[in-house]
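J.: Got a structure for you, questions after.
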Amino acid sequence: MGESSESPLVLVHRPPTLAYMDDHLSRNFRLLNAHLSPDPLPLFLSRHAASVTAFVNIGRLKIDAELLSHLPSLQLLVCTSVGTDHVDLAECKRRGIAVTNAGDAFSDDVADCAVGLLISVLRRIPAGDRYVRSGNWSKPGQFQLGIKVSSQNHKEENFLMNLVLFYESVLLLQVSGKRVGIIGLGSIGSRIAKRLEPFGCIISYNSRTQKQSIPYRYYSDVLSLAADNDVLVLCCSLTDQTRHVVNREVMESLGKEGVIINVGRGGLIDEEEMVKCLVEGVIGGAGLDVFEKEPQVPEELFGMDNVVLSPHAAVATPGALESVAEVAIANLKAFFKNQPLVSPVRLG
Amino acid sequence: SMESIGVLMMCPMSSYLENELQKRFNLIRFWNFQEKSVFLETHRNSIGAVVGNASTGADAELINDLPKLEIISSFSVGIDKIDLGKCKEKGIRVTNTPDVLTEDVADVAISLILTLLRRLCECDRYVRSGKWKYGDFQLTTKFSGKSVGILGLGRIGTAIAKRAEAFSCPVSYYSRRVKPDLGYKYYPTVVELAQNSDILVVACPLTDETRHIVNRNVMDALGAKGVLINIGRGPHVDEQELVNALTEGRLGGAALDVFEQEPHVPEELFGLQNVVLLPHVGSGTVETENAMADLVVANLEAHFAGESLLTPVV
């Protein structure tokens, strides 16, 4: 065929801690490892990447017009996240660059995490764990009721009273039968819905478009969705249209027993307003894996028992990383063989 | 009239239940007495009913001390703290609170699995401590698709199975009897169940046969990558062996809502990251506790009105 027998050249950039794809990539391609160079990235690209047609961006390095200007031959950008809010998609479209994301690789794990956060918030699981580890469950004498009848342990009814007061002092909410509104019924949202069905949760959703043959009720706007639900789960992409989609008005509509679960992007929620709503009791609780300015998290949340916080770990299982490596390689192979990409992102 | 019937409540368990009992009967609070002999002197002949719960029931001694006792109504589904043999002997009725708490307990079981595998408590601690600013959290363990083994496929076990199925988990079980209609794989021994499960969930009643049913052999079979979830009763698990298995790394992790000597929890567990510890909150929601309380009251009213009991055990 007259082709070079060399494997194709692929530009790679990653943070030092995300080495999980190194082997997969080096087995299949010749690599230009931008992260191993002491040169600042734009300089490195100008010097070495002029002919590069494919770029694997492991992690969330911002891909803006300036960076793309150093990659004149680029035709494919492979991202390892589901979200592509760190990529200037419009610029990619202008330059004829196709973009792929993680596809379904993370969907099960994110859905698991969302359900885990939801039940943990409603049933106060971390708060219960803290309570036991503090030793408070067995501490005698906190709530004196009267001296115990001799045949029973004095400690016992104090712990029981502690426990009764623990239950009754916090709003322990039942999961089964809760009305759950999902914002974004894509790969992740539909898996969350499937997991919540045997809990007897009543599922409804808001999405860019209504989906056909879905048994859940569709709401065309988030405000009405919030009004009719006990829990809002955010798992849509962050775009100009969805930034701060959960604002004060939506939270007031959700109400004082309402709970927000966010496994999408921090920017989907007006974080400053959310903190106020939690402090003021405008909403009942939150389970958050993402924040507006990660890894910074509003410290007002640290003392709250009705909040569960997670360090953007919804995708962080070995299985998920293995899956996303497979998707990335599959996209690269398809590209170099001129075949349809596995997980292309719509560029609008 | 029922107002003169003495109902002995064994310990604080629900202020709603206390109020409802007070409205209808002569409620006597066991924990208000300094000396048992004083209590008996005053009340022994007026007590027609005892209301107990998961931690405090009625042993043979108490039953013998109350000559007018007709019914024990437990604010729980598990009735291992009631001397059933003595009740049968004396013709005393016993009721519990099945069904109304099934979903809540199953929800906690699934939550414990997710919380343990995905390290949600640790994640939460990691963020609250400010450590996230200095680096990402470690990888955690996927739940979807893991094999779930359920010890005891009754109401609660079945509800757990249905939830696990939605996470694409293959479900298997050990039970006194095979239940072919449910379509899950049956193992004839607990050790075999543990050998073939990533996650072992205890959901059976506590009886003489099931005391320490999760012993060293079972824990070894579950192994360093397996995890144990207990939403049954503390004595289902050999707790000392559990502590050893965890501290020695022979068992991957444990999430426990119940303990052998509640509220005492072995302090060796407090320092472990691969455990989740809850203060017996399985049925702990306002809705469920009120439903349980309503069932306790309804059983007592039915009994003293000469009607059929709603949820009799004996």
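Chain labels A, B, ... are given in the sequence in which chains occur in the structure tokens; within each chain residues are numbered consecutively from 1, and ligands are likewise numbered from 1 in the order shown.
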List as a ChimeraX atom specification the protein and nucleic acid residues near Thr288 of chain B, meaning an atom at most 9 Å away when only C-alpha atoms are counted, but skip any in the same chain fewer than 3 places from it.
T.: /A:174 /B:100-101,104,283-285,291-293
J.: Using only C-alpha atoms and a distance of at most 6 Å, pull out the residues of chain B that contact chain A, as a list in words.
T.: Pro12, Trp31, Asn32, Phe33, Gln34, Glu35, Lys36, Ser111, Leu114, Cys121, Cys123, Asp124, Arg128, Trp132, Lys133, Leu139, Thr140, Thr141, Lys142, Arg163, Ala166, Pro263, His264, Phe270, Leu277, Leu278 and Thr285 of chain B
J.: Restrict the selected residues to C-alpha atoms and save them as a compact mmCIF listing (two decimals), in the first residue's frame.
T.:
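The resulting file, out28.txt, is reproduced below:
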# COMPACT_ATOMS: atom_id res chain seq x y z
CA PRO B 12 -37.59 5.63 75.11
CA TRP B 31 -37.11 3.89 82.77
CA ASN B 32 -38.59 6.28 85.32
CA PHE B 33 -38.19 3.91 88.21
CA GLN B 34 -35.16 3.88 90.49
CA GLU B 35 -35.82 0.46 91.89
CA LYS B 36 -37.45 -2.43 90.13
CA SER B 111 -26.63 2.98 51.05
CA LEU B 114 -22.40 2.43 48.17
CA CYS B 121 -17.68 9.04 54.36
CA CYS B 123 -14.60 11.48 50.65
CA ASP B 124 -16.72 13.72 52.80
CA ARG B 128 -14.13 18.89 55.01
CA TRP B 132 -8.62 18.17 48.50
CA LYS B 133 -6.69 21.39 47.86
CA LEU B 139 -9.66 5.51 43.49
CA THR B 140 -12.59 3.72 44.99
CA THR B 141 -14.41 0.49 44.16
CA LYS B 142 -17.20 0.16 41.62
CA ARG B 163 -32.54 -2.73 44.40
CA ALA B 166 -31.04 -2.24 39.15
CA PRO B 263 -24.50 1.08 71.97
CA HIS B 264 -21.00 -0.25 72.60
CA PHE B 270 -13.14 3.84 64.87
CA LEU B 277 -20.70 2.58 61.35
CA LEU B 278 -24.29 3.59 62.00
CA THR B 285 -37.24 7.86 59.38
J.: I need the strand (DSSP E or B) residues of segment 99-161 of chain B per DSSP on the backbone, written as a list in words.
T.: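 The residues of segment 99-161 of chain B classed as strand (DSSP E or B) are Val148, Gly149, Ile150 and Leu151 of chain B.
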J.: With only C-alpha atoms as the counted atoms, please give the residues lying no more than 6 Å from Val227 of chain B, apart from itself and same-chain residues fewer than 6 positions off, as a ChimeraX atom specification.
T.: /B:199,252-254
J.: Go ahead and save the picked residues with all heavy atoms, as a short mmCIF file (atom, residue, chain, number, x, y, z; two decimals), in the first residue's frame.
T.:
data_model
loop_
_atom_site.label_atom_id
_atom_site.label_comp_id
_atom_site.auth_asym_id
_atom_site.auth_seq_id
_atom_site.Cartn_x
_atom_site.Cartn_y
_atom_site.Cartn_z
N ILE B 199 -20.06 -8.97 47.89
CA ILE B 199 -20.74 -8.24 48.97
C ILE B 199 -21.69 -9.20 49.65
O ILE B 199 -22.56 -9.77 48.99
CB ILE B 199 -21.56 -7.06 48.39
CG1 ILE B 199 -20.64 -6.11 47.62
CG2 ILE B 199 -22.33 -6.32 49.47
CD1 ILE B 199 -21.38 -5.20 46.65
N GLY B 252 -12.14 -7.31 53.40
CA GLY B 252 -11.98 -6.04 52.70
C GLY B 252 -12.63 -4.84 53.36
O GLY B 252 -12.15 -3.72 53.25
N GLY B 253 -13.75 -5.08 54.03
CA GLY B 253 -14.43 -3.95 54.66
C GLY B 253 -15.75 -4.39 55.27
O GLY B 253 -16.23 -5.50 55.01
N ALA B 254 -16.32 -3.52 56.10
CA ALA B 254 -17.61 -3.83 56.72
C ALA B 254 -18.40 -2.57 56.93
O ALA B 254 -17.85 -1.52 57.28
CB ALA B 254 -17.40 -4.55 58.05
#
J.: Can you list every residue in segment 51-243 of chain B that DSSP puts in helix (DSSP H, G or I), as a count of residues only?
T.: 77
J.: Find the residues near segment 244-251 of chain B: any atom within 12 Å, counting only C-alpha atoms, skip ones fewer than 3 places away on the same chain, and give them as a ChimeraX atom specification.
T.: /B:194,198-200,214-229,237-241,254-255,266-275
J.: Report as a list in words all protein, DNA and RNA residues lying within 9 Å of His43 of chain B, evaluated on only C-alpha atoms, omitting residues in the same chain fewer than 6 positions from it.
T.: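 Once the adjacent positions are removed, what remains is Gly6, Ile28 and Leu66 of chain B.
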J.: Quick one: of B:Lys131, B:Arg93, B:Lys185, B:Lys81, who's nearest to Val148 of chain B, counting only C-alpha atoms?
T.: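 Using only C-alpha atoms, the shortest distance to Val148 of chain B belongs to B:Lys185.
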J.: List as CSV every residue of segment 229-313 of chain A that is in contact with segment 217-221 of chain A, defined as an atom at most 12 Å from one of its atoms (using only C-alpha atoms), together with the nearest atom pair and the distance in Å rounded to one decimal, sorted by chain and then rising number.
T.:
residue,atom,partner,partner_atom,distance
A:Asn229,CA,A:Tyr219,CA,11.1
A:Thr242,CA,A:Asp221,CA,11.4
A:Val245,CA,A:Asp221,CA,9.8
A:Val246,CA,A:Asp221,CA,11.0
A:Val250,CA,A:Asp221,CA,10.1
J.: Do you have the atom CA of Arg14 of chain A-atom CA of Ala34 of chain A distance handy?
T.: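 Separation between atom CA of Arg14 of chain A and atom CA of Ala34 of chain A: 8.0 Å.
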J.: Would you work out the distance separating atom CA of Gly234 of chain B from atom CA of Gln261 of chain B, expressed in Å to one decimal?
T.: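 These two atoms are separated by 7.3 Å.
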J.: If you measure from atom CA of Ala325 of chain A to atom CA of Ser81 of chain A, what distance in Å do you get, rounded to one decimal?
T.: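 Going from atom CA of Ala325 of chain A over to atom CA of Ser81 of chain A covers 10.8 Å.
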J.: Point out the residue among B:Ser168, B:Ser144, B:Asn290, B:Thr102 with the least atom-to-atom distance to Ile231 of chain B, counting only C-alpha atoms.
T.: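 Result for the nearest residue to Ile231 of chain B: B:Thr102.
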J.: Write out as a PyMOL selection string each polymer residue whose atoms come within 7 Å of Leu254 of chain A, counting only C-alpha atoms; drop sequence neighbours fewer than 6 positions from it.
T.: chain A and resi 226-227+229-230+283
J.: Compile the contact shell of segment 156-159 of chain B as a list in words: residues with an atom at most 7 Å away, counting only C-alpha atoms, same-chain residues fewer than 6 positions apart removed.
T.: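 These residues fall inside the cut-off: Thr102, Glu103, Val105, Ala106, Ile150 and Ala203 of chain B.
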J.: Output N, CA, C and O atoms for every residue in that selection, as a CSV table (one decimal), in the first residue's frame.
T.:
chain,number,residue,atom,x,y,z
B,102,THR,N,-39.7,-2.3,55.8
B,102,THR,CA,-38.9,-3.1,54.9
B,102,THR,C,-38.1,-2.2,53.9
B,102,THR,O,-36.9,-2.4,53.7
B,103,GLU,N,-38.8,-1.2,53.4
B,103,GLU,CA,-38.1,-0.3,52.4
B,103,GLU,C,-37.0,0.5,53.0
B,103,GLU,O,-35.9,0.6,52.4
B,105,VAL,N,-35.2,-0.2,55.6
B,105,VAL,CA,-34.0,-1.0,56.0
B,105,VAL,C,-33.3,-1.4,54.7
B,105,VAL,O,-32.0,-1.4,54.6
B,106,ALA,N,-34.0,-1.7,53.6
B,106,ALA,CA,-33.4,-2.1,52.3
B,106,ALA,C,-32.6,-0.9,51.8
B,106,ALA,O,-31.5,-1.0,51.3
B,150,ILE,N,-27.1,-12.5,49.6
B,150,ILE,CA,-28.0,-12.1,50.7
B,150,ILE,C,-28.3,-13.3,51.6
B,150,ILE,O,-28.7,-14.4,51.1
B,203,ALA,N,-29.5,-10.4,56.4
B,203,ALA,CA,-30.8,-9.9,56.5
B,203,ALA,C,-31.8,-10.9,57.0
B,203,ALA,O,-33.0,-10.9,56.6
